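*Asks:* Below is coords16.txt; it holds compact mmCIF, N, CA, C and O atoms.
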```
# COMPACT_ATOMS: atom_id res chain seq x y z
N ILE W 1 136.36 17.97 55.04
CA ILE W 1 137.31 19.07 55.04
C ILE W 1 137.23 19.75 53.68
O ILE W 1 137.12 19.09 52.64
N GLY W 2 137.29 21.05 53.68
CA GLY W 2 137.35 21.83 52.46
C GLY W 2 138.32 22.97 52.68
O GLY W 2 138.80 23.21 53.79
N LEU W 3 138.63 23.69 51.61
CA LEU W 3 139.59 24.78 51.71
C LEU W 3 139.11 25.95 50.86
O LEU W 3 138.95 25.81 49.65
N VAL W 4 138.87 27.08 51.51
CA VAL W 4 138.48 28.32 50.83
C VAL W 4 139.64 29.30 50.96
O VAL W 4 140.18 29.49 52.05
N VAL W 5 140.04 29.90 49.86
CA VAL W 5 141.14 30.87 49.83
C VAL W 5 140.52 32.25 49.64
O VAL W 5 139.63 32.43 48.83
N PHE W 6 141.01 33.22 50.42
CA PHE W 6 140.46 34.57 50.27
C PHE W 6 141.57 35.61 50.31
O PHE W 6 142.55 35.48 51.01
N GLY W 7 141.39 36.60 49.48
CA GLY W 7 142.27 37.76 49.38
C GLY W 7 141.39 38.87 48.86
O GLY W 7 140.33 39.14 49.42
N ASP W 8 141.76 39.49 47.74
CA ASP W 8 140.85 40.42 47.06
C ASP W 8 139.70 39.64 46.45
O ASP W 8 138.59 40.16 46.30
N THR W 9 139.97 38.40 46.08
CA THR W 9 138.94 37.50 45.57
C THR W 9 138.84 36.31 46.51
O THR W 9 139.72 36.08 47.33
N VAL W 10 137.75 35.57 46.39
CA VAL W 10 137.51 34.41 47.24
C VAL W 10 137.17 33.23 46.34
O VAL W 10 136.39 33.37 45.41
N PHE W 11 137.77 32.07 46.61
CA PHE W 11 137.43 30.89 45.81
C PHE W 11 137.64 29.62 46.63
O PHE W 11 138.37 29.61 47.61
N THR W 12 136.96 28.57 46.20
CA THR W 12 137.11 27.27 46.83
C THR W 12 138.31 26.57 46.21
O THR W 12 138.31 26.24 45.03
N GLN W 13 139.34 26.36 47.01
CA GLN W 13 140.55 25.67 46.54
C GLN W 13 140.31 24.16 46.53
O GLN W 13 140.78 23.47 45.65
N SER W 14 139.58 23.68 47.54
CA SER W 14 139.26 22.25 47.63
C SER W 14 137.80 22.11 48.05
O SER W 14 137.41 22.66 49.08
N PRO W 15 137.03 21.37 47.29
CA PRO W 15 135.64 21.13 47.72
C PRO W 15 135.63 20.24 48.96
O PRO W 15 136.65 19.61 49.29
N LEU W 16 134.50 20.18 49.62
CA LEU W 16 134.39 19.32 50.80
C LEU W 16 134.67 17.87 50.43
O LEU W 16 134.16 17.37 49.43
N THR W 17 135.51 17.22 51.23
CA THR W 17 135.92 15.85 50.96
C THR W 17 136.38 15.19 52.25
O THR W 17 136.74 15.86 53.21
N LEU W 18 136.39 13.88 52.25
CA LEU W 18 136.97 13.13 53.35
C LEU W 18 138.40 12.69 53.02
O LEU W 18 139.07 12.05 53.83
N ASP W 19 138.87 13.05 51.84
CA ASP W 19 140.20 12.67 51.36
C ASP W 19 141.25 13.65 51.88
O ASP W 19 141.52 14.69 51.27
N HIS W 20 141.84 13.34 53.02
CA HIS W 20 142.82 14.23 53.64
C HIS W 20 144.07 14.41 52.79
O HIS W 20 144.68 15.47 52.81
N ILE W 21 144.44 13.38 52.06
CA ILE W 21 145.62 13.48 51.20
C ILE W 21 145.39 14.50 50.08
O ILE W 21 146.25 15.33 49.79
N ALA W 22 144.22 14.47 49.48
CA ALA W 22 143.90 15.44 48.43
C ALA W 22 143.94 16.87 48.98
O ALA W 22 144.52 17.77 48.35
N VAL W 23 143.36 17.07 50.15
CA VAL W 23 143.37 18.40 50.76
C VAL W 23 144.79 18.85 51.05
O VAL W 23 145.14 20.01 50.83
N SER W 24 145.64 17.95 51.51
CA SER W 24 147.03 18.32 51.79
C SER W 24 147.73 18.76 50.50
O SER W 24 148.56 19.67 50.53
N HIS W 25 147.39 18.15 49.37
CA HIS W 25 147.98 18.58 48.08
C HIS W 25 147.49 19.98 47.72
O HIS W 25 148.27 20.79 47.21
N TYR W 26 146.22 20.25 47.97
CA TYR W 26 145.69 21.61 47.72
C TYR W 26 146.38 22.63 48.62
O TYR W 26 146.68 23.75 48.18
N ILE W 27 146.64 22.27 49.85
CA ILE W 27 147.34 23.18 50.76
C ILE W 27 148.76 23.43 50.28
O ILE W 27 149.23 24.57 50.29
N GLU W 28 149.43 22.39 49.83
CA GLU W 28 150.80 22.55 49.32
C GLU W 28 150.85 23.47 48.11
O GLU W 28 151.86 24.13 47.86
N ALA W 29 149.75 23.53 47.35
CA ALA W 29 149.71 24.36 46.15
C ALA W 29 149.43 25.84 46.45
O ALA W 29 149.53 26.68 45.56
N LEU W 30 149.10 26.16 47.71
CA LEU W 30 148.82 27.55 48.06
C LEU W 30 150.06 28.42 47.90
O LEU W 30 151.18 27.98 48.18
N GLN W 31 149.83 29.64 47.46
CA GLN W 31 150.91 30.62 47.32
C GLN W 31 150.43 31.95 47.87
O GLN W 31 149.27 32.34 47.66
N VAL W 32 151.29 32.66 48.56
CA VAL W 32 150.96 33.98 49.06
C VAL W 32 150.57 34.86 47.88
O VAL W 32 151.26 34.90 46.86
N GLY W 33 149.44 35.54 47.99
CA GLY W 33 148.99 36.46 46.96
C GLY W 33 148.17 35.83 45.85
O GLY W 33 147.74 36.52 44.94
N MET W 34 147.93 34.51 45.90
CA MET W 34 147.22 33.87 44.79
C MET W 34 145.78 34.34 44.66
O MET W 34 145.18 34.19 43.61
N ALA W 35 145.22 34.93 45.72
CA ALA W 35 143.85 35.46 45.66
C ALA W 35 143.86 36.99 45.68
O ALA W 35 142.83 37.61 45.89
N GLY W 36 145.02 37.57 45.49
CA GLY W 36 145.14 39.04 45.52
C GLY W 36 145.89 39.50 46.74
O GLY W 36 146.22 38.71 47.63
N GLN W 37 146.15 40.78 46.81
CA GLN W 37 146.97 41.33 47.89
C GLN W 37 146.18 41.73 49.12
O GLN W 37 146.74 41.93 50.19
N GLY W 38 144.84 41.86 48.99
CA GLY W 38 144.01 42.24 50.13
C GLY W 38 143.63 41.04 50.96
O GLY W 38 144.06 39.91 50.72
N THR W 39 142.80 41.30 51.98
CA THR W 39 142.31 40.24 52.86
C THR W 39 140.83 40.48 53.11
O THR W 39 140.47 41.41 53.82
N ALA W 40 139.99 39.64 52.52
CA ALA W 40 138.53 39.75 52.65
C ALA W 40 138.03 38.68 53.61
O ALA W 40 137.50 37.65 53.20
N ILE W 41 138.21 38.92 54.90
CA ILE W 41 137.86 37.93 55.91
C ILE W 41 136.37 37.59 55.85
O ILE W 41 135.99 36.42 55.86
N GLY W 42 135.52 38.60 55.80
CA GLY W 42 134.07 38.36 55.76
C GLY W 42 133.65 37.56 54.55
O GLY W 42 132.82 36.65 54.66
N ASP W 43 134.21 37.87 53.40
CA ASP W 43 133.87 37.12 52.18
C ASP W 43 134.34 35.67 52.30
O ASP W 43 133.65 34.75 51.84
N GLY W 44 135.50 35.45 52.91
CA GLY W 44 135.99 34.10 53.12
C GLY W 44 135.06 33.29 54.01
O GLY W 44 134.74 32.14 53.73
N ILE W 45 134.60 33.93 55.09
CA ILE W 45 133.65 33.26 55.98
C ILE W 45 132.34 33.00 55.24
O ILE W 45 131.76 31.92 55.35
N GLY W 46 131.88 33.99 54.46
CA GLY W 46 130.62 33.84 53.72
C GLY W 46 130.64 32.66 52.76
O GLY W 46 129.69 31.86 52.72
N ILE W 47 131.70 32.51 51.98
CA ILE W 47 131.79 31.38 51.04
C ILE W 47 131.89 30.07 51.82
O ILE W 47 131.29 29.07 51.45
N SER W 48 132.61 30.08 52.93
CA SER W 48 132.71 28.87 53.75
C SER W 48 131.35 28.46 54.27
O SER W 48 131.01 27.27 54.29
N LEU W 49 130.56 29.44 54.70
CA LEU W 49 129.20 29.14 55.17
C LEU W 49 128.35 28.51 54.08
O LEU W 49 127.59 27.57 54.32
N LYS W 50 128.50 29.03 52.86
CA LYS W 50 127.76 28.45 51.73
C LYS W 50 128.14 26.99 51.51
O LYS W 50 127.32 26.17 51.15
N ARG W 51 129.42 26.67 51.70
CA ARG W 51 129.90 25.31 51.46
C ARG W 51 129.39 24.32 52.50
O ARG W 51 129.19 23.15 52.19
N ILE W 52 129.19 24.76 53.73
CA ILE W 52 128.80 23.82 54.78
C ILE W 52 127.33 23.87 55.16
O ILE W 52 126.87 23.04 55.94
N LYS W 53 126.57 24.80 54.61
CA LYS W 53 125.19 25.00 55.08
C LYS W 53 124.30 23.77 54.90
O LYS W 53 123.43 23.52 55.72
N ASP W 54 124.48 23.00 53.87
CA ASP W 54 123.61 21.86 53.60
C ASP W 54 124.12 20.53 54.15
O ASP W 54 123.53 19.49 53.91
N ILE W 55 125.21 20.57 54.89
CA ILE W 55 125.74 19.34 55.49
C ILE W 55 124.85 18.96 56.66
O ILE W 55 124.55 19.78 57.53
N ASP W 56 124.44 17.71 56.69
CA ASP W 56 123.62 17.20 57.76
C ASP W 56 124.53 16.68 58.87
O ASP W 56 125.01 15.55 58.80
N ALA W 57 124.80 17.53 59.84
CA ALA W 57 125.69 17.15 60.94
C ALA W 57 125.25 17.88 62.21
O ALA W 57 124.65 18.95 62.13
N GLN W 58 125.56 17.30 63.36
CA GLN W 58 125.22 17.95 64.62
C GLN W 58 126.05 19.20 64.87
O GLN W 58 125.60 20.14 65.50
N SER W 59 127.26 19.20 64.37
CA SER W 59 128.11 20.38 64.52
C SER W 59 128.91 20.61 63.23
O SER W 59 129.18 19.68 62.49
N LYS W 60 129.24 21.86 63.02
CA LYS W 60 130.03 22.26 61.85
C LYS W 60 131.04 23.30 62.33
O LYS W 60 130.78 24.03 63.29
N ALA W 61 132.18 23.38 61.66
CA ALA W 61 133.20 24.34 62.08
C ALA W 61 133.89 24.95 60.87
O ALA W 61 134.07 24.29 59.84
N ILE W 62 134.24 26.20 61.01
CA ILE W 62 135.09 26.90 60.04
C ILE W 62 136.34 27.31 60.82
O ILE W 62 136.24 27.93 61.88
N ILE W 63 137.49 26.96 60.29
CA ILE W 63 138.75 27.38 60.89
C ILE W 63 139.31 28.47 59.99
O ILE W 63 139.61 28.24 58.82
N LEU W 64 139.45 29.66 60.53
CA LEU W 64 139.90 30.82 59.77
C LEU W 64 141.37 31.07 60.05
O LEU W 64 141.76 31.22 61.21
N VAL W 65 142.17 31.11 59.00
CA VAL W 65 143.58 31.44 59.12
C VAL W 65 143.82 32.71 58.32
O VAL W 65 143.55 32.75 57.12
N THR W 66 144.28 33.75 58.98
CA THR W 66 144.44 35.04 58.33
C THR W 66 145.55 35.84 59.00
O THR W 66 145.99 35.50 60.11
N ASP W 67 145.97 36.91 58.34
CA ASP W 67 146.93 37.84 58.95
C ASP W 67 146.21 38.79 59.90
O ASP W 67 146.83 39.60 60.56
N GLY W 68 144.87 38.69 59.94
CA GLY W 68 144.09 39.46 60.90
C GLY W 68 143.71 40.85 60.47
O GLY W 68 143.05 41.57 61.20
N LYS W 69 144.08 41.26 59.29
CA LYS W 69 143.80 42.61 58.83
C LYS W 69 142.80 42.57 57.69
O LYS W 69 143.15 42.25 56.55
N ASN W 70 141.53 42.87 57.96
CA ASN W 70 140.51 42.88 56.92
C ASN W 70 140.59 44.21 56.17
O ASN W 70 140.39 45.28 56.75
N ASN W 71 140.91 44.16 54.90
CA ASN W 71 141.03 45.40 54.13
C ASN W 71 140.45 45.27 52.73
O ASN W 71 140.77 46.05 51.84
N SER W 72 139.60 44.27 52.54
CA SER W 72 139.03 44.04 51.22
C SER W 72 137.70 43.30 51.39
O SER W 72 137.36 42.85 52.48
N GLY W 73 136.95 43.20 50.31
CA GLY W 73 135.72 42.41 50.32
C GLY W 73 134.47 43.23 50.54
O GLY W 73 134.51 44.40 50.88
N ARG W 74 133.35 42.57 50.34
CA ARG W 74 132.04 43.21 50.47
C ARG W 74 131.38 42.94 51.81
O ARG W 74 130.65 43.77 52.33
N LEU W 75 131.62 41.77 52.36
CA LEU W 75 130.98 41.36 53.61
C LEU W 75 131.98 41.54 54.75
O LEU W 75 133.10 41.02 54.69
N GLY W 76 131.59 42.28 55.76
CA GLY W 76 132.49 42.52 56.90
C GLY W 76 132.60 41.27 57.78
O GLY W 76 131.68 40.45 57.82
N PRO W 77 133.71 41.12 58.48
CA PRO W 77 133.90 39.95 59.33
C PRO W 77 132.84 39.79 60.42
O PRO W 77 132.38 38.68 60.69
N ILE W 78 132.44 40.88 61.05
CA ILE W 78 131.42 40.81 62.10
C ILE W 78 130.08 40.39 61.52
O ILE W 78 129.39 39.52 62.09
N GLU W 79 129.71 40.97 60.38
CA GLU W 79 128.46 40.59 59.72
C GLU W 79 128.49 39.11 59.33
O GLU W 79 127.50 38.38 59.51
N ALA W 80 129.62 38.63 58.81
CA ALA W 80 129.74 37.23 58.43
C ALA W 80 129.63 36.32 59.66
O ALA W 80 128.98 35.27 59.61
N ALA W 81 130.25 36.74 60.75
CA ALA W 81 130.16 35.94 61.98
C ALA W 81 128.72 35.89 62.49
O ALA W 81 128.26 34.83 62.94
N GLU W 82 127.99 36.97 62.38
CA GLU W 82 126.58 36.99 62.78
C GLU W 82 125.78 36.04 61.91
O GLU W 82 124.89 35.34 62.39
N LEU W 83 126.06 36.01 60.61
CA LEU W 83 125.36 35.09 59.70
C LEU W 83 125.65 33.64 60.06
O LEU W 83 124.80 32.77 59.83
N SER W 84 126.80 33.38 60.62
CA SER W 84 127.16 31.99 60.92
C SER W 84 126.36 31.42 62.08
O SER W 84 126.31 30.20 62.25
N LYS W 85 125.72 32.27 62.86
CA LYS W 85 124.90 31.78 63.97
C LYS W 85 123.79 30.95 63.41
O LYS W 85 123.24 30.09 63.92
```
Write the structure described by the file as structure tokens, please.
*Replies:*
Amino acid sequence: IGLVVFGDTVFTQSPLTLDHIAVSHYIEALQVGMAGQGTAIGDGIGISLKRIKDIDAQSKAIILVTDGKNNSGRLGPIEAAELSK
């Protein structure tokens, strides 16, 4: 499990780990607006893809939680989804 935060900026809040308790602490530390006021959905997906690309597993998943309004970032959500294939 890992946690990527995206707004106007995108960053890894929690690196990939099997420590669910640590990830829950990172989630508790989240604050609205901590990555800016915008929503860069594509950039969030892009950084998430970078984090999981080298994992040797039969399946991988990204769970995206957003307000649904992409209004920031360089990579569009559709382009990012295409890259995830």
*Asks:* Which of these, W:Asp8, W:Leu18, W:Leu30, W:Ile41, has the shortest distance to Val65 (chain W) once you count only C-alpha atoms?
*Replies:*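 Closest candidate: W:Ile41.
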*Asks:* Which residue gives the smallest distance to Ile27 (chain W) among W:Leu3, W:Lys53, W:Gly68, W:Gly42, with only C-alpha atoms counted?
*Replies:*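 The shortest atom-to-atom distance to Ile27 (chain W) comes from W:Leu3.
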*Asks:* Between W:Arg74, W:Ile1, W:Thr17, W:Gly7, which is the closest to Thr39 (chain W) once you count all atoms listed in the file?
*Replies:*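 Closest to Thr39 (chain W) of all the choices is W:Gly7.
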*Asks:* Please identify all polymer residues within 8 Å of Ile62 (chain W), counting all atoms listed in the file, omitting same-chain residues fewer than 3 positions from it, and present them as a ChimeraX atom specification.
*Replies:* /W:45,48-49,65
*Asks:* Quick one: distance from CA of Val4 (chain W) to CA of Ala40 (chain W) in Å, one decimal?
*Replies:*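 That distance, rounded to one decimal, is 11.6 Å.
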*Asks:* What is the distance between atom C of Ser84 (chain W) and atom N of Ala22 (chain W), in Å to one decimal?
*Replies:*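 Taking atom C of Ser84 (chain W) as the start and atom N of Ala22 (chain W) as the end point, the length is 27.7 Å.
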*Asks:* Do you have the atom O of Lys60 (chain W)-atom O of Leu83 (chain W) distance handy?
*Replies:*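 For atom O of Lys60 (chain W) relative to atom O of Leu83 (chain W), the distance reads 11.1 Å.
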*Asks:* Restricting the calculation to only C-alpha atoms: of W:Thr9, W:Ala81, W:Val23, W:Gly44, which residue gets closest to Thr66 (chain W)?
*Replies:* W:Gly44
*Asks:* Using only C-alpha atoms, which of the listed residues (W:Leu75, W:Ala80, W:Ile63, W:Val5) sits closest to Val32 (chain W)?
*Replies:* W:Val5
*Asks:* I'd like to know which of W:Ser24, W:Asp67, W:Gly46, W:Ile52 is closest to Glu79 (chain W), using all atoms listed in the file.
*Replies:*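 Selected residue with least distance to Glu79 (chain W): W:Gly46.
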*Asks:* Write out as a list in words all residues of chain W that DSSP puts in strand (DSSP E or B) for this structure's backbone.
*Replies:*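 Result set for chain W (strand (DSSP E or B)): Leu3, Val4, Val5, Phe6, Val10, Phe11, Thr12, Gln13, Ser14, Met34 and Gly36 of chain W.
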*Asks:* Which residues, written as a PyMOL selection string, have at least one atom at most 12 Å from Asp19 (chain W), with only C-alpha atoms counted and residues fewer than 6 positions away on the same chain left out?
*Replies:* chain W and resi 1-2+25-26
*Asks:* Just the selected residues (N, CA, C and O atoms), exported as a PDB file, in the frame of the given file, please.
*Replies:*
```pdb
ATOM      1  N   ILE W   1     136.360  17.970  55.040  1.00  0.00           N
ATOM      2  CA  ILE W   1     137.310  19.070  55.040  1.00  0.00           C
ATOM      3  C   ILE W   1     137.230  19.750  53.680  1.00  0.00           C
ATOM      4  O   ILE W   1     137.120  19.090  52.640  1.00  0.00           O
ATOM      5  N   GLY W   2     137.290  21.050  53.680  1.00  0.00           N
ATOM      6  CA  GLY W   2     137.350  21.830  52.460  1.00  0.00           C
ATOM      7  C   GLY W   2     138.320  22.970  52.680  1.00  0.00           C
ATOM      8  O   GLY W   2     138.800  23.210  53.790  1.00  0.00           O
ATOM      9  N   HIS W  25     147.390  18.150  49.370  1.00  0.00           N
ATOM     10  CA  HIS W  25     147.980  18.580  48.080  1.00  0.00           C
ATOM     11  C   HIS W  25     147.490  19.980  47.720  1.00  0.00           C
ATOM     12  O   HIS W  25     148.270  20.790  47.210  1.00  0.00           O
ATOM     13  N   TYR W  26     146.220  20.250  47.970  1.00  0.00           N
ATOM     14  CA  TYR W  26     145.690  21.610  47.720  1.00  0.00           C
ATOM     15  C   TYR W  26     146.380  22.630  48.620  1.00  0.00           C
ATOM     16  O   TYR W  26     146.680  23.750  48.180  1.00  0.00           O
TER      17      TYR W  26
END
```
*Asks:* Find the smallest box with edges along x, y and z containing every listed atom of region 53-71 of chain W, then add 8 Å on each side and report centre and edge lengths in Å to one decimal, as lines of an AutoDock Vina configuration file.
*Replies:*
```
center_x = 135.2
center_y = 30.8
center_z = 58.7
size_x = 39.5
size_y = 46.5
size_z = 29.7
```
